[in-house]
$ cat target_20.cif   # mmCIF, C-alpha atoms
data_model
loop_
_atom_site.label_atom_id
_atom_site.label_comp_id
_atom_site.auth_asym_id
_atom_site.auth_seq_id
_atom_site.Cartn_x
_atom_site.Cartn_y
_atom_site.Cartn_z
CA MET A 455 151.09 156.24 191.70
CA GLY A 456 152.04 154.74 195.06
CA ASN A 457 150.16 154.19 198.33
CA SER A 458 148.58 157.63 198.72
CA LEU A 459 144.83 157.59 199.24
CA PRO A 460 142.95 160.19 197.20
CA ALA A 461 141.03 163.16 198.60
CA ILE A 462 137.97 164.68 196.91
CA TYR A 463 137.24 168.41 196.89
CA ASN A 464 135.31 170.77 194.62
CA GLY A 465 135.18 168.40 191.68
CA ASN A 466 138.83 167.42 191.81
CA VAL A 467 140.74 164.41 193.06
CA TYR A 468 143.99 165.12 194.90
CA ILE A 469 146.56 162.35 195.15
CA GLY A 470 150.27 162.06 195.83
CA SER A 471 152.69 159.84 193.95
CA TYR A 472 156.09 158.19 194.22
CA ASP A 473 157.27 160.52 191.44
CA ALA A 474 157.16 163.31 194.10
CA PHE A 475 154.16 165.09 192.56
CA LEU A 476 150.83 165.93 194.14
CA TYR A 477 148.23 165.79 191.37
CA ALA A 478 144.88 167.56 191.05
CA ILE A 479 142.67 165.78 188.50
CA ASP A 480 139.22 166.84 187.29
CA MET A 481 136.74 164.10 188.23
CA GLU A 482 134.53 164.57 185.17
CA THR A 483 137.01 165.21 182.38
CA ARG A 484 139.83 163.19 183.98
CA GLU A 485 142.20 165.91 182.86
CA LEU A 486 145.15 167.11 184.89
CA VAL A 487 144.30 170.44 186.56
CA TRP A 488 147.72 171.03 188.10
CA ARG A 489 150.57 169.22 189.77
CA PHE A 490 152.95 170.29 192.53
CA LYS A 491 156.43 168.84 192.89
CA ALA A 492 157.80 168.04 196.33
CA GLY A 493 161.39 167.05 196.98
CA ASP A 494 160.76 163.30 197.17
CA PHE A 495 157.97 160.75 197.00
CA ILE A 496 154.59 161.33 198.64
CA PHE A 497 153.35 158.32 200.53
CA SER A 498 150.25 159.28 202.50
CA GLY A 499 147.08 160.97 201.33
CA PRO A 500 146.44 164.71 201.60
CA ALA A 501 144.10 166.49 204.02
CA ILE A 502 141.95 169.34 202.72
CA ASP A 503 140.67 172.46 204.46
CA GLU A 504 137.44 172.79 202.47
CA LYS A 505 136.54 176.18 203.93
CA ASN A 506 139.79 177.82 202.87
CA GLY A 507 140.70 175.62 199.91
CA ILE A 508 144.07 174.43 201.21
CA VAL A 509 145.66 171.02 200.63
CA TYR A 510 148.10 169.65 203.22
CA PHE A 511 150.49 166.74 202.75
CA GLY A 512 153.88 165.42 203.78
CA SER A 513 156.77 164.05 201.75
CA LYS A 514 159.77 161.81 202.15
CA ASP A 515 161.84 164.99 201.78
CA SER A 516 160.89 165.73 205.44
CA TYR A 517 158.65 168.71 204.59
CA ILE A 518 154.99 169.30 205.35
CA TYR A 519 153.38 171.35 202.58
CA ALA A 520 150.34 173.60 202.30
CA VAL A 521 149.26 174.41 198.73
CA SER A 522 146.23 176.07 197.14
CA ALA A 523 143.56 173.58 196.11
CA ARG A 524 142.62 175.87 193.20
CA ASP A 525 145.95 176.28 191.42
CA GLY A 526 148.56 174.29 193.35
CA LYS A 527 150.56 177.34 194.43
CA GLU A 528 152.62 176.81 197.56
CA ILE A 529 151.38 178.64 200.67
CA TRP A 530 153.96 177.41 203.14
CA ARG A 531 156.19 174.50 204.00
CA PHE A 532 157.48 173.23 207.34
CA LYS A 533 160.60 171.12 207.74
CA THR A 534 160.80 168.22 210.18
CA MET A 535 163.95 166.25 210.93
CA ASP A 536 163.07 163.16 208.91
CA GLU A 537 160.71 161.65 206.38
CA ILE A 538 156.94 162.18 206.52
CA MET A 539 154.93 159.01 205.96
CA SER A 540 151.83 160.04 207.92
CA PHE A 541 148.45 161.49 207.03
CA PRO A 542 147.88 165.07 208.27
CA THR A 543 145.05 165.60 210.75
CA LEU A 544 143.35 169.00 210.52
CA TYR A 545 141.59 170.12 213.70
CA ASN A 546 140.45 173.60 214.76
CA GLY A 547 142.99 175.40 212.62
CA LYS A 548 145.85 173.14 213.68
CA LEU A 549 147.66 170.52 211.65
CA LEU A 550 148.76 167.41 213.55
CA ILE A 551 151.22 165.07 211.85
CA GLY A 552 153.90 162.57 212.80
CA SER A 553 157.36 162.11 211.32
CA LEU A 554 159.98 159.38 211.20
CA ASP A 555 161.99 161.62 213.53
CA GLY A 556 159.69 160.38 216.31
CA TYR A 557 157.87 163.66 216.88
CA LEU A 558 154.20 164.46 216.61
CA TYR A 559 154.01 168.06 215.37
CA CYS A 560 151.26 170.61 215.88
CA ILE A 561 151.44 173.37 213.28
CA ASP A 562 149.26 176.42 212.71
CA ALA A 563 147.39 175.43 209.56
CA TYR A 564 147.38 178.95 208.09
CA SER A 565 150.83 180.31 208.91
CA GLY A 566 152.86 177.10 209.01
CA ARG A 567 154.24 178.10 212.41
CA GLU A 568 155.03 175.32 214.89
CA GLU A 569 152.83 175.34 218.00
CA TRP A 570 154.46 172.38 219.76
CA ARG A 571 156.06 169.01 219.20
CA PHE A 572 155.93 165.81 221.27
CA LYS A 573 158.78 163.31 221.25
CA THR A 574 158.20 159.56 221.19
CA GLY A 575 160.80 156.81 221.18
CA GLY A 576 160.22 155.62 217.62
CA GLU A 577 159.09 156.53 214.14
CA ILE A 578 155.49 157.63 213.55
CA VAL A 579 153.86 156.18 210.41
CA GLN A 580 150.07 156.57 210.22
CA ARG A 581 148.05 156.48 207.01
CA PHE A 582 144.73 157.80 208.32
CA GLU A 583 143.34 160.76 210.22
CA LEU A 584 144.00 160.60 213.95
CA PRO A 585 141.06 160.57 216.39
CA VAL A 586 140.61 163.81 218.35
CA ALA A 587 137.90 164.02 221.03
CA ASN A 588 137.28 165.50 224.47
CA GLY A 589 140.37 167.67 224.25
CA MET A 590 142.72 164.79 223.47
CA ILE A 591 144.48 163.33 220.46
CA TYR A 592 145.40 159.65 220.18
CA PHE A 593 148.22 158.17 218.11
CA CYS A 594 150.80 155.37 218.01
CA SER A 595 154.54 155.12 217.54
CA PHE A 596 157.02 152.40 216.67
CA ASP A 597 158.27 152.68 220.26
CA ASN A 598 155.39 150.27 221.06
CA TYR A 599 153.11 152.80 222.76
CA LEU A 600 149.67 154.24 222.11
CA TYR A 601 149.61 157.85 223.37
CA ALA A 602 146.95 160.26 224.56
CA LEU A 603 147.91 163.95 224.52
CA THR A 604 146.09 167.14 225.33
CA LEU A 605 145.68 169.58 222.47
CA ASP A 606 148.57 171.63 223.84
CA GLY A 607 150.93 168.65 223.60
CA LYS A 608 150.93 167.36 227.18
CA GLU A 609 150.93 163.61 227.73
CA VAL A 610 147.88 162.25 229.58
CA TRP A 611 148.70 158.56 229.37
CA ARG A 612 150.46 155.94 227.30
CA PHE A 613 149.50 152.30 226.76
CA GLN A 614 152.08 149.65 225.95
CA LEU A 615 151.29 147.59 222.87
CA GLY A 616 153.15 144.57 221.47
CA LYS A 617 156.89 144.54 220.98
CA TYR A 618 156.89 145.34 217.25
CA GLY A 619 155.49 148.87 217.33
CA SER A 620 152.41 150.13 215.55
CA SER A 621 151.63 151.90 212.30
CA GLY A 622 147.86 151.71 212.75
CA VAL A 623 145.38 154.36 213.81
CA PRO A 624 142.91 153.65 216.63
CA ALA A 625 139.16 154.02 216.16
CA LEU A 626 137.26 155.87 218.89
CA TYR A 627 133.70 154.86 219.75
CA LYS A 628 131.68 155.65 222.88
CA GLY A 629 134.73 156.48 224.95
CA VAL A 630 136.71 153.40 223.93
CA LEU A 631 139.69 153.14 221.59
CA TYR A 632 139.88 150.05 219.38
CA HIS A 633 143.31 149.23 218.02
CA GLY A 634 145.41 146.36 216.70
CA ASP A 635 149.18 145.99 216.94
CA ARG A 636 151.88 144.32 214.87
CA GLU A 637 151.95 141.34 217.24
CA GLY A 638 148.43 140.38 216.13
CA ILE A 639 146.64 141.55 219.27
CA PHE A 640 143.52 143.71 219.07
CA TYR A 641 142.74 145.95 222.06
CA ALA A 642 139.88 147.90 223.56
CA ILE A 643 141.22 150.75 225.75
CA GLU A 644 139.42 153.38 227.80
CA ALA A 645 140.03 156.69 226.05
CA ASN A 646 140.08 158.82 229.20
CA SER A 647 142.24 156.63 231.43
CA GLY A 648 144.24 154.42 229.07
CA LYS A 649 143.12 151.29 230.93
CA GLU A 650 142.68 148.07 229.00
CA VAL A 651 139.08 146.88 228.65
CA TRP A 652 139.82 143.65 226.78
CA ARG A 653 142.16 142.14 224.22
CA PHE A 654 141.59 139.69 221.36
CA TYR A 655 144.32 137.47 219.98
CA ALA A 656 143.81 137.29 216.23
CA SER A 657 147.08 135.67 215.16
CA LYS A 658 150.77 136.43 215.28
CA LYS A 659 150.54 138.52 212.12
CA PRO A 660 150.38 142.35 212.20
CA ILE A 661 147.16 144.35 212.39
CA SER A 662 148.23 147.65 210.94
CA GLN A 663 145.24 149.69 209.80
CA LYS A 664 142.34 151.57 211.32
CA PRO A 665 139.37 149.37 212.29
CA LEU A 666 135.82 150.05 211.16
CA ILE A 667 133.02 150.28 213.72
CA PHE A 668 129.52 149.79 212.32
CA ASN A 669 126.25 148.69 213.93
CA GLU A 670 127.94 147.95 217.26
CA LYS A 671 130.51 145.66 215.66
CA VAL A 672 134.23 146.07 215.03
CA TYR A 673 135.77 145.06 211.71
CA PHE A 674 139.48 144.86 211.01
CA GLY A 675 141.86 143.12 208.65
CA SER A 676 145.08 141.30 209.39
CA ASP A 677 148.23 140.17 207.65
CA ASP A 678 146.95 136.64 208.28
CA CYS A 679 144.62 137.29 205.28
CA ASN A 680 141.44 137.42 207.37
CA LEU A 681 138.83 140.10 207.93
CA TYR A 682 137.58 139.83 211.51
CA CYS A 683 134.25 140.85 213.01
CA LEU A 684 134.04 141.26 216.80
CA ASP A 685 131.30 142.49 219.08
CA LEU A 686 132.07 145.39 221.41
CA ASN A 687 132.95 142.93 224.19
CA GLY A 688 135.76 141.41 222.19
CA ASN A 689 133.98 138.22 221.16
CA GLU A 690 134.60 136.98 217.64
CA MET A 691 131.42 136.94 215.57
CA TRP A 692 132.94 135.70 212.33
CA ARG A 693 135.92 135.98 210.01
CA PHE A 694 136.27 136.07 206.24
CA LYS A 695 139.30 134.49 204.58
CA THR A 696 141.03 136.00 201.56
CA GLU A 697 144.21 134.86 199.86
CA GLY A 698 146.21 137.96 200.72
CA ILE A 699 146.89 140.51 203.42
CA VAL A 700 143.88 142.64 204.38
CA GLY A 701 145.80 145.83 205.01
CA VAL A 702 143.22 148.62 204.69
CA PRO A 703 139.89 149.27 206.46
CA PRO A 704 136.71 147.85 204.93
CA VAL A 705 133.97 150.15 203.66
CA VAL A 706 130.21 149.78 204.17
CA TYR A 707 128.01 150.36 201.14
CA LYS A 708 124.27 149.64 201.36
CA ASN A 709 124.04 146.08 202.74
CA MET A 710 127.59 145.17 201.82
CA LEU A 711 130.99 145.23 203.40
CA LEU A 712 133.63 145.99 200.75
CA VAL A 713 137.03 144.52 201.50
CA ALA A 714 140.29 144.94 199.57
CA SER A 715 142.99 142.30 199.77
CA PHE A 716 146.55 141.98 198.55
CA ASP A 717 145.38 138.94 196.59
CA CYS A 718 144.37 141.52 193.95
CA HIS A 719 140.64 141.31 194.66
CA VAL A 720 137.95 143.51 196.14
CA TYR A 721 135.26 141.47 197.91
CA ALA A 722 131.62 142.31 198.63
CA ILE A 723 130.31 140.54 201.73
CA ASP A 724 126.65 140.50 202.76
CA LEU A 725 126.44 142.08 206.23
CA VAL A 726 123.50 139.88 207.21
CA THR A 727 124.35 136.47 205.78
CA ARG A 728 128.14 137.03 205.86
CA GLU A 729 128.32 135.37 202.46
CA GLU A 730 130.44 136.58 199.59
CA ILE A 731 128.26 138.39 197.03
CA TRP A 732 130.93 139.02 194.43
CA ARG A 733 134.62 139.63 193.97
CA PHE A 734 136.40 141.89 191.52
CA ALA A 735 139.91 141.20 190.23
CA THR A 736 141.84 144.46 190.27
CA SER A 737 144.81 142.99 188.41
CA THR A 738 146.94 139.90 188.14
CA MET A 739 150.08 141.30 189.74
CA GLN A 740 149.48 144.41 191.82
CA GLN A 741 148.37 144.69 195.43
CA SER A 742 144.85 146.01 195.98
CA TYR A 743 144.35 149.18 198.03
CA PHE A 744 140.86 150.42 198.77
CA PRO A 745 140.26 154.19 198.99
CA PRO A 746 137.07 155.79 200.35
CA ALA A 747 133.85 154.94 198.53
CA TYR A 748 133.57 157.59 195.83
CA GLU A 749 132.30 157.28 192.28
CA ALA A 750 134.39 154.87 190.26
CA TRP A 751 136.69 156.22 187.56
CA GLU A 752 140.31 156.03 186.63
CA THR A 753 142.89 158.12 184.84
CA LYS A 754 146.52 157.71 183.87
CA VAL A 755 149.29 160.24 184.29
CA LYS A 756 152.27 159.81 182.01
CA THR A 757 155.45 159.95 184.03
CA ASP A 758 158.85 158.35 184.20
CA THR A 759 159.13 155.29 186.39
CA HIS A 760 160.54 156.27 189.78
CA LYS A 761 162.57 153.89 191.90
CA GLU A 762 164.13 154.59 195.25
CA GLU A 763 167.90 154.47 195.33
CA MET A 764 169.48 153.11 198.48
CA GLU A 765 173.03 152.88 199.68
CA GLU A 766 174.35 149.35 199.59
CA GLY A 767 173.88 147.64 202.92
CA LYS A 768 171.71 150.40 204.39
CA GLU A 769 168.21 149.47 205.47
CA ASP A 770 165.40 151.65 204.23
CA LYS A 771 163.34 152.63 207.27
CA TYR A 772 160.19 152.65 205.28
CA ALA A 773 160.72 149.03 204.31
CA ARG A 774 160.38 148.30 208.03
CA SER A 775 156.92 149.78 208.02
CA LEU A 776 153.86 147.91 206.90
CA ALA A 777 153.00 150.32 204.17
CA MET A 778 155.79 149.48 201.76
CA GLY A 779 154.70 145.88 201.58
CA GLU A 780 157.73 144.11 203.04
CA PHE A 781 155.28 141.78 204.72
CA ASP A 782 157.38 138.65 204.66
CA SER A 783 160.34 140.16 206.47
CA TYR A 784 159.02 140.11 210.04
CA LYS A 785 161.37 138.43 212.47
CA ALA A 786 160.83 136.97 215.91
CA LYS A 787 162.89 139.82 217.30
CA SER A 788 161.93 143.42 216.72
CA GLU A 789 163.96 145.27 214.11
CA TYR A 790 162.70 148.67 215.19
CA ALA A 791 165.22 150.87 216.93
CA MET A 792 164.24 153.31 219.64
CA LYS A 793 166.42 155.88 217.89
CA SER A 794 166.76 155.85 214.14
CA GLU A 795 170.22 156.08 212.60
CA TYR A 796 168.85 156.96 209.19
CA THR A 797 169.57 160.45 207.89
CA SER A 798 167.49 161.72 205.01
CA LYS A 799 169.69 162.72 202.08
CA SER A 800 166.97 164.59 200.25
CA GLU A 801 166.80 168.36 200.65
CA TYR A 802 164.24 170.49 198.89
CA LYS A 803 165.77 172.74 196.26
#
$ encode --input "target_20.cif" --output "structure tokens"
Amino acid sequence: MGNSLPAIYNGNVYIGSYDAFLYAIDMETRELVWRFKAGDFIFSGPAIDEKNGIVYFGSKDSYIYAVSARDGKEIWRFKTMDEIMSFPTLYNGKLLIGSLDGYLYCIDAYSGREEWRFKTGGEIVQRFELPVANGMIYFCSFDNYLYALTLDGKEVWRFQLGKYGSSGVPALYKGVLYHGDREGIFYAIEANSGKEVWRFYASKKPISQKPLIFNEKVYFGSDDCNLYCLDLNGNEMWRFKTEGIVGVPPVVYKNMLLVASFDCHVYAIDLVTREEIWRFATSTMQQSYFPPAYEAWETKVKTDTHKEEMEEGKEDKYARSLAMGEFDSYKAKSEYAMKSEYTSKSEYK
């Protein structure tokens, strides 16, 4: 299916795929309800307006789509200037989403009309909902900055991260943003001022997902294969070692912390004793992604295998992002350009 995280609404699961389809699947019968074809693969999960029954998602074809949750009929589409690899954030009737063209877009969620756009110096790739609070939205770019904007698109502050950019999403808690960068540094930053509170050096491997904050502790995974637990002052409480990259946020369930690793296992860790309770092997070959904690089930959609075609010698931008799994290709020097030379060849027809 790809890397898209599923969304649950009104008895259906909505998930995008590398075959360019957004699928709606009945949770009980596991039958396909409908599918909608975009112009290219769908990387990030959809956002759902539950009140109005609208599903929003972006595609590599550079479009942002709004479709009916009931029957999959298209409501509107909005074209950006490059691929969409980010999760849409729905807030007060506005849709906020970043693109590989370096812009954060604000779009009217019902008409598809652009309200404003904000230009950064690099691609925006973010797999989770962005934090919005106190009239500000917070997000990162591959230009190495964490930004705070007003809801009308005006910059309030920017905070410089490590030299390799960021594809993570900060977590906001009690007026402080918690965020890791691709240089292996984890930060606490004042949300109102953008001033650094503290930093924690995990390793030189990327931290590229949204941290979890639970019971006054901060949990995050790293490409160094560890899950870290810090207190709110930046002191390490403990770490849990897996055999693969911990590239998605952990989930709390009862007295357990559930952690997915690219070693093809999901781990259950006791929150009190910090001991491993059990581990589940997801497969013998495939990387393990961990979606939100919903009831367990699975279904299969028959489709042709889809592989991305690339021009010889041309670098795929997405391969430079954490999400595609090119985790062993990091160099001492940054490969991220302030201005992308890539031009999307896919046009919706």
$ residues_around --input "target_20.cif" --residues "A:Leu600" --least-positions-apart "3" --cutoff "8 Å" --atoms "only C-alpha atoms" --output "list of chain:residue names"
A:Tyr592, A:Phe593, A:Cys594, A:Ser595, A:Arg612, A:Phe613, A:Gln614, A:Leu615
$ atom_distance --input "target_20.cif" --atom1 "atom CA of A:Ser737" --atom2 "atom CA of A:Ile699"
15.4 Å
$ resolve_selection --input "target_20.cif" --expression "the PyMOL selection byres ((chain A and resi 724) around 12)" --output "MDAnalysis selection string"
chainID A and resid 694 706:713 721:723 725:733
$ residues_around --input "target_20.cif" --residues "A:Asn546" --least-positions-apart "4" --cutoff "12 Å" --atoms "only C-alpha atoms" --output "list of chain:residue names"
A:Asp503, A:Lys505, A:Leu550, A:Cys560, A:Ile561, A:Asp562, A:Ala563, A:Tyr564, A:Val586, A:Ala587, A:Gly589, A:Leu605
$ residues_around --input "target_20.cif" --residues "A:Pro624" --least-positions-apart "2" --cutoff "8 Å" --atoms "all atoms listed in the file" --output "ChimeraX atom specification"
/A:584-585,592-593,622,626,631-634,664-665
$ closest_residue --input "target_20.cif" --among "A:Asp494, A:Asn689, A:Tyr655, A:Ala625" --to "A:Pro703" --atoms "all atoms listed in the file"
A:Ala625
$ atom_distance --input "target_20.cif" --atom1 "atom CA of A:Lys491" --atom2 "atom CA of A:Gln580"
22.2 Å
$ residues_around --input "target_20.cif" --residues "A:Gly698" --least-positions-apart "3" --cutoff "8 Å" --atoms "all atoms listed in the file" --output "JSON list (two decimals) with C-alpha atoms, in the frame of the given file"
[["chain", "number", "residue", "atom", "x", "y", "z"],
["A", 677, "ASP", "CA", 148.23, 140.17, 207.65],
["A", 678, "ASP", "CA", 146.95, 136.64, 208.28],
["A", 679, "CYS", "CA", 144.62, 137.29, 205.28],
["A", 715, "SER", "CA", 142.99, 142.30, 199.77],
["A", 716, "PHE", "CA", 146.55, 141.98, 198.55],
["A", 717, "ASP", "CA", 145.38, 138.94, 196.59],
["A", 718, "CYS", "CA", 144.37, 141.52, 193.95]]
$ resolve_selection --input "target_20.cif" --expression "the PyMOL selection byres ((chain A and resi 635-646) around 8)" --output "PyMOL selection string"
chain A and resi 602+615-622+626+629-634+647-662+676+688
$ residues_around --input "target_20.cif" --residues "A:Met539" --least-positions-apart "5" --cutoff "10 Å" --atoms "only C-alpha atoms" --output "VMD selection string"
chain A and resid 458 495 to 499 511 to 514 516 551 to 554 577 to 581 772 775 777
$ closest_residue --input "target_20.cif" --among "A:Thr574, A:Ala474, A:Met691, A:Glu569" --to "A:Tyr557" --atoms "all atoms listed in the file"
A:Thr574
$ atom_distance --input "target_20.cif" --atom1 "atom CA of A:Lys527" --atom2 "atom CA of A:Leu558"
25.9 Å
$ resolve_selection --input "target_20.cif" --expression "the PyMOL selection byres ((chain A and resi 507) around 9)" --output "PyMOL selection string"
chain A and resi 463-464+502-506+508-509+521-524
$ closest_residue --input "target_20.cif" --among "A:Ile538, A:Met590, A:Leu549, A:Ala478" --to "A:Tyr510" --atoms "only C-alpha atoms"
A:Leu549
